[in-house]
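A.B. asks: Structure in structure tokens, see below.
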Protein chains: 2
Amino acid sequence: MSTIDYDKNKVILVICDGLGDRPSLDDKTPLQAADTHNIDEISKAGINGLMDVISPGIVPGSDTAHLAIFGYDPYKYYPGRGVFEALGADMALNKGDVAFRANFATVDEKMRVIDRRAGRKGGKELAEALNGLEIDGVKVSLKNTTEHRCAVVMEGKTENLSKYVSDVDTHEAGGIVKKCVPLNEGEGEKKTAKIVNEFVRLSYEILNGHPENEERRRKGELPANIILLRGAGSYEEVPSLKARFGFSAACVAGASLYKGVAKYLGMDVIPIEGGTGRANTNLTNKAEATLHALKAHDFVFLHVKATDSMGHDGDFEGKRDMISRIDKELVARIKDADAYIVITADHSTPVSIKRHSSDPVPLVIKGVGVRKDRVNKFDEFSAASGGLGRIRGIDLMPILSDFMGYYKMYGT
Amino acid sequence: MSTIDYDKNKVILVICDGLGDRPSLDDKTPLQAADTHNIDEISKAGINGLMDVISPGIVPGSDTAHLAIFGYDPYKYYPGRGVFEALGADMALNKGDVAFRANFATVDEKMRVIDRRAGRKGGKELAEALNGLEIDGVKVSLKNTTEHRCAVVMEGKTENLSKYVSDVDTHEAGGIVKKCVPLNEGEGEKKTAKIVNEFVRLSYEILNGHPENEERRRKGELPANIILLRGAGSYEEVPSLKARFGFSAACVAGASLYKGVAKYLGMDVIPIEGGTGRANTNLTNKAEATLHALKAHDFVFLHVKATDSMGHDGDFEGKRDMISRIDKELVARIKDADAYIVITADHSTPVSIKRHSSDPVPLVIKGVGVRKDRVNKFDEFSAASGGLGRIRGIDLMPILSDFMGYYKMYGT
């Protein structure tokens, strides 16, 4: 918006990835065990509830979950993970392009996977050696993001490519690199699978004897001698948050997936110094970036990844302490901002089962005019008796846009 | 699964038919008035909530309710009651067959119904006399199940038959047997209605002077001299629970409708000695059969019918005492099984109105990792403040399959 509209309110939406949990240590969840006095202050001042991010019993991925929370029905709008990875890596995408999540990996000469992550180390020159290959008339771009991680884009402007192809990645060490096969019948599927297989073959041919890998071998390190692709996605433009709801939005996140989702929906992605998407992320910088972004934007999405990672690791204490840090280093700084403060998660990642689960996530909304309930603690149990009841992820954005003043009345 | 997977959990799902009620005697529901200390123990250890089996305000039939609870949207999967009756009676069904629920009845020579249930008595020889008739090239099979009840199947393999035909049954005594008419325009509907009418005519012709009916008349009993059909259903195979969710399932039920629903969804139906679907059912045998079925199955559905029948009879004390018996004779035996214990109902049948109602039913889930709430009594009121909030029938199976470990993540 070019002019300030004094009837409009702003929102800070904090999403702690995988925050929800099940009771385990002393019958408590990490969120219950953490020191959350700042977050609890928000609970006390706000309206609380539980949220099924997709729908009850459905276990969300992080990508589909974020789409739902931003008001985009994932069953309609989900383009496939690769699209978000490529956008998060700042790669350009055009309609019809097919994008992949990819890894540098280490294989032996029989294509057996020694390490899916090539010692967690990629390399700029290795990436450059593969970037821009042309296979069957299709340009293939590759970018190394963090550590061993890459995104790969196949240009679909002249060719009919498809996201319905299988993963090459073995998903665990010890297996033989898989052939990519079409998952649907169709020329586009066949063509895409063929290009993927050729790209993987070429990646080994080019990387295996690359001087940088020879150097790695000399140092006793694992060579990054192949690229493994997975999570094909097909890019298509979707209406932006601004177009759908009317407000401008910014994203403060470290991990590239979330930046990718944000870009896909037309948010401005704010670069964060020290925002890593890991436990060592600089929460203070994130809080400051959020407050700064709020000046020029109506809606700021603030994402913290490490809670999820610790759930996957089964690390109760780590998850608990990360939550305490979020409370102290992040929420304490933003809680009095002139905006609705919303705190929730994209899904549960219980430490007891080390995977995403469908257990609903707690949600609080604090701000002018909300129907404050009697909940005074932010956790999975207290939220159940809150004034919001049990809602779905897809409902959150309409609720917030009404509080913000960007509502559309249905009927007269 | 051919091998045991120790990451997987099991479920016992107890459905007390028509259990839900409204406050009446001393402002209590039968469930509140009953002695339910075993069930309450489960409530205390579990997570509770209310469930709209179809959706708020929609009054479910028992058949559609069970489909929803098992995760099959009845608006998509409901084949018509007759299919369940025929399957429950162990009759073979093939794609395109049309099945009916049917009664032996007593009519006078003017086709006026004297007793819709022929003194609640069928007969093997009478059934044999009608079984296997061929009408207009269509084979019609009949089986007498319990008392006056029958199932009728018309073989659709060569003919285009339809379930969209009206009931012949008058649904009350005193009326004239109805003509079956097509409910949709179409050749299949016309043909089916014609066969039904001819079958009803033949049933009177064959049964009225049958020696067994002469014998009944001599003894002063009502003759079973006609078959009244209703509830046409059209059989089509649906994906089994195993195919959809991945786990094996068994059914422990007395009444044939529920066995039919279970077969339709690919459950193994366990024969129960003394399982009658009535108040005299042997609950102890049902509990033992459930524990036994749990050894070879991941999911056991345990059904008790009499609570519903007593709701229909307006019998508060009977319903209350039946619930106390369920608590003592059944739940006490299964409550400590190594499985998630789930107790709920398919709908409410308030004694005050003697019919199904849309009042949501209480639901409790006890087992590893559930978010135990503060509810410590299993009834329609306490459940409203439970941690599950208010969910729908169709959500239950996804929730349970996630607890069981048979989840599929949506997204990545």
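In the structure tokens, the first chain shown is A, the next is B, and so on; residue numbers restart at 1 for each chain, and ligands run from 1 in the order shown.
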Please determine the contact residues of chain A with respect to chain B at a cut-off of 7 Å, counting only C-alpha atoms, and supply them as a list in words.

C.D. replies: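 On the chain A side, the interface is Arg22, Pro23, Pro56, Gly57, Ile58, Val59, Pro60, Gly61, Ser62, Asp63, Thr64, Arg81, Ser357, Ser358, Phe381, Ala384, Ser385, Gly389 and Arg390 of chain A.
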
A.B. asks: In region 76-265 of chain B, what's strand (DSSP E) per DSSP? Answer as a ChimeraX atom specification?

C.D. replies: /B:98-107,113-115,133-135,138-144,149-154,226-234,249-252

A.B. asks: CA of Ala118 (chain B) and CA of Ala255 (chain B) are how many Å apart?

C.D. replies: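 Rounded to one decimal, the two atoms are 19.9 Å apart.
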
A.B. asks: Which one is closest to Lys139 (chain B): B:Met322, B:Ala151, B:Ile195, B:Val83? Count only C-alpha atoms.

C.D. replies: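 Looking only at the distances to Lys139 (chain B), the closest residue turns out to be B:Ile195.
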
A.B. asks: Please indicate the distance in Å from CA of Phe301 (chain B) to CA of Arg355 (chain A), rounded to one decimal place.

C.D. replies: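 One can read the CA of Phe301 (chain B) to CA of Arg355 (chain A) distance as 27.6 Å.
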
A.B. asks: Quick one: pull the distance between CA of Leu133 (chain A) and CA of Phe199 (chain A), Å, one decimal.

C.D. replies: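 Distance between the two atoms: 8.3 Å.
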
A.B. asks: With distances taken over only C-alpha atoms, which residue among A:Lys95, A:His66, A:Gly246, A:Ala287 lies nearest Asp327 (chain A)?

C.D. replies: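 Ranking A:Lys95, A:His66, A:Gly246, A:Ala287 by distance to Asp327 (chain A), first place goes to A:Ala287.
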
A.B. asks: Need the shell around Ala68 (chain A): protein/DNA/RNA residues with any atom at most 8 Å away, counting only C-alpha atoms. Skip same-chain ones fewer than 2 positions apart. Format as an mmCIF file with N, CA and C atoms, in the first residue's frame?

C.D. replies:
```cif
data_model
loop_
_atom_site.group_PDB
_atom_site.id
_atom_site.type_symbol
_atom_site.label_atom_id
_atom_site.label_comp_id
_atom_site.auth_asym_id
_atom_site.auth_seq_id
_atom_site.Cartn_x
_atom_site.Cartn_y
_atom_site.Cartn_z
ATOM 1 N N VAL A 53 -3.964 -28.519 11.167
ATOM 2 C CA VAL A 53 -3.415 -27.677 10.103
ATOM 3 C C VAL A 53 -3.982 -28.076 8.737
ATOM 4 N N ILE A 54 -4.106 -29.382 8.481
ATOM 5 C CA ILE A 54 -4.817 -29.830 7.269
ATOM 6 C C ILE A 54 -6.236 -30.218 7.696
ATOM 7 N N THR A 64 3.010 -28.411 2.772
ATOM 8 C CA THR A 64 1.546 -28.344 2.670
ATOM 9 C C THR A 64 0.957 -27.598 3.871
ATOM 10 N N ALA A 65 1.574 -27.788 5.044
ATOM 11 C CA ALA A 65 1.091 -27.136 6.259
ATOM 12 C C ALA A 65 1.158 -25.617 6.126
ATOM 13 N N HIS A 66 2.292 -25.116 5.629
ATOM 14 C CA HIS A 66 2.418 -23.670 5.499
ATOM 15 C C HIS A 66 1.434 -23.114 4.472
ATOM 16 N N PHE A 70 -1.399 -20.251 5.372
ATOM 17 C CA PHE A 70 -1.483 -18.973 4.640
ATOM 18 C C PHE A 70 -2.772 -18.868 3.808
ATOM 19 N N GLY A 71 -3.663 -19.852 3.982
ATOM 20 C CA GLY A 71 -4.969 -19.748 3.328
ATOM 21 C C GLY A 71 -5.038 -20.360 1.943
ATOM 22 N N TYR A 72 -4.017 -21.148 1.591
ATOM 23 C CA TYR A 72 -3.999 -21.799 0.273
ATOM 24 C C TYR A 72 -4.242 -23.293 0.444
ATOM 25 N N ASP A 73 -5.423 -23.760 0.078
ATOM 26 C CA ASP A 73 -5.752 -25.178 0.200
ATOM 27 C C ASP A 73 -4.684 -26.003 -0.524
ATOM 28 N N PRO A 74 -3.899 -26.796 0.231
ATOM 29 C CA PRO A 74 -2.803 -27.522 -0.419
ATOM 30 C C PRO A 74 -3.291 -28.534 -1.453
ATOM 31 N N GLY A 393 -6.295 -25.173 9.704
ATOM 32 C CA GLY A 393 -5.276 -24.263 9.199
ATOM 33 C C GLY A 393 -5.827 -23.298 8.154
ATOM 34 N N ILE A 394 -6.645 -23.807 7.283
ATOM 35 C CA ILE A 394 -7.156 -23.001 6.173
ATOM 36 C C ILE A 394 -8.040 -21.843 6.662
#
```

A.B. asks: From the set A:Glu221, A:Glu198, A:Asp313, A:Glu155, which residue has the shortest atom-to-atom contact distance to Tyr235 (chain A), counting only C-alpha atoms?

C.D. replies: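 Closest residue, counting only C-alpha atoms: A:Glu155.
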
A.B. asks: Please provide the set of residues having any atom within 10 Å of region 103-111 of chain A, restricted to only C-alpha atoms, with same-chain residues fewer than 2 positions apart removed, written as an MDAnalysis selection string.

C.D. replies: chainID A and resid 100:101 113:123 126:127 144:145 147:152 169 173:178 201 203:204 207:208 222:230

A.B. asks: Identify, with DSSP run on backbone atoms, the residues in region 160-350 of chain B assigned to helix (DSSP H, G or I), and express the list as a count of residues only.

C.D. replies: 83
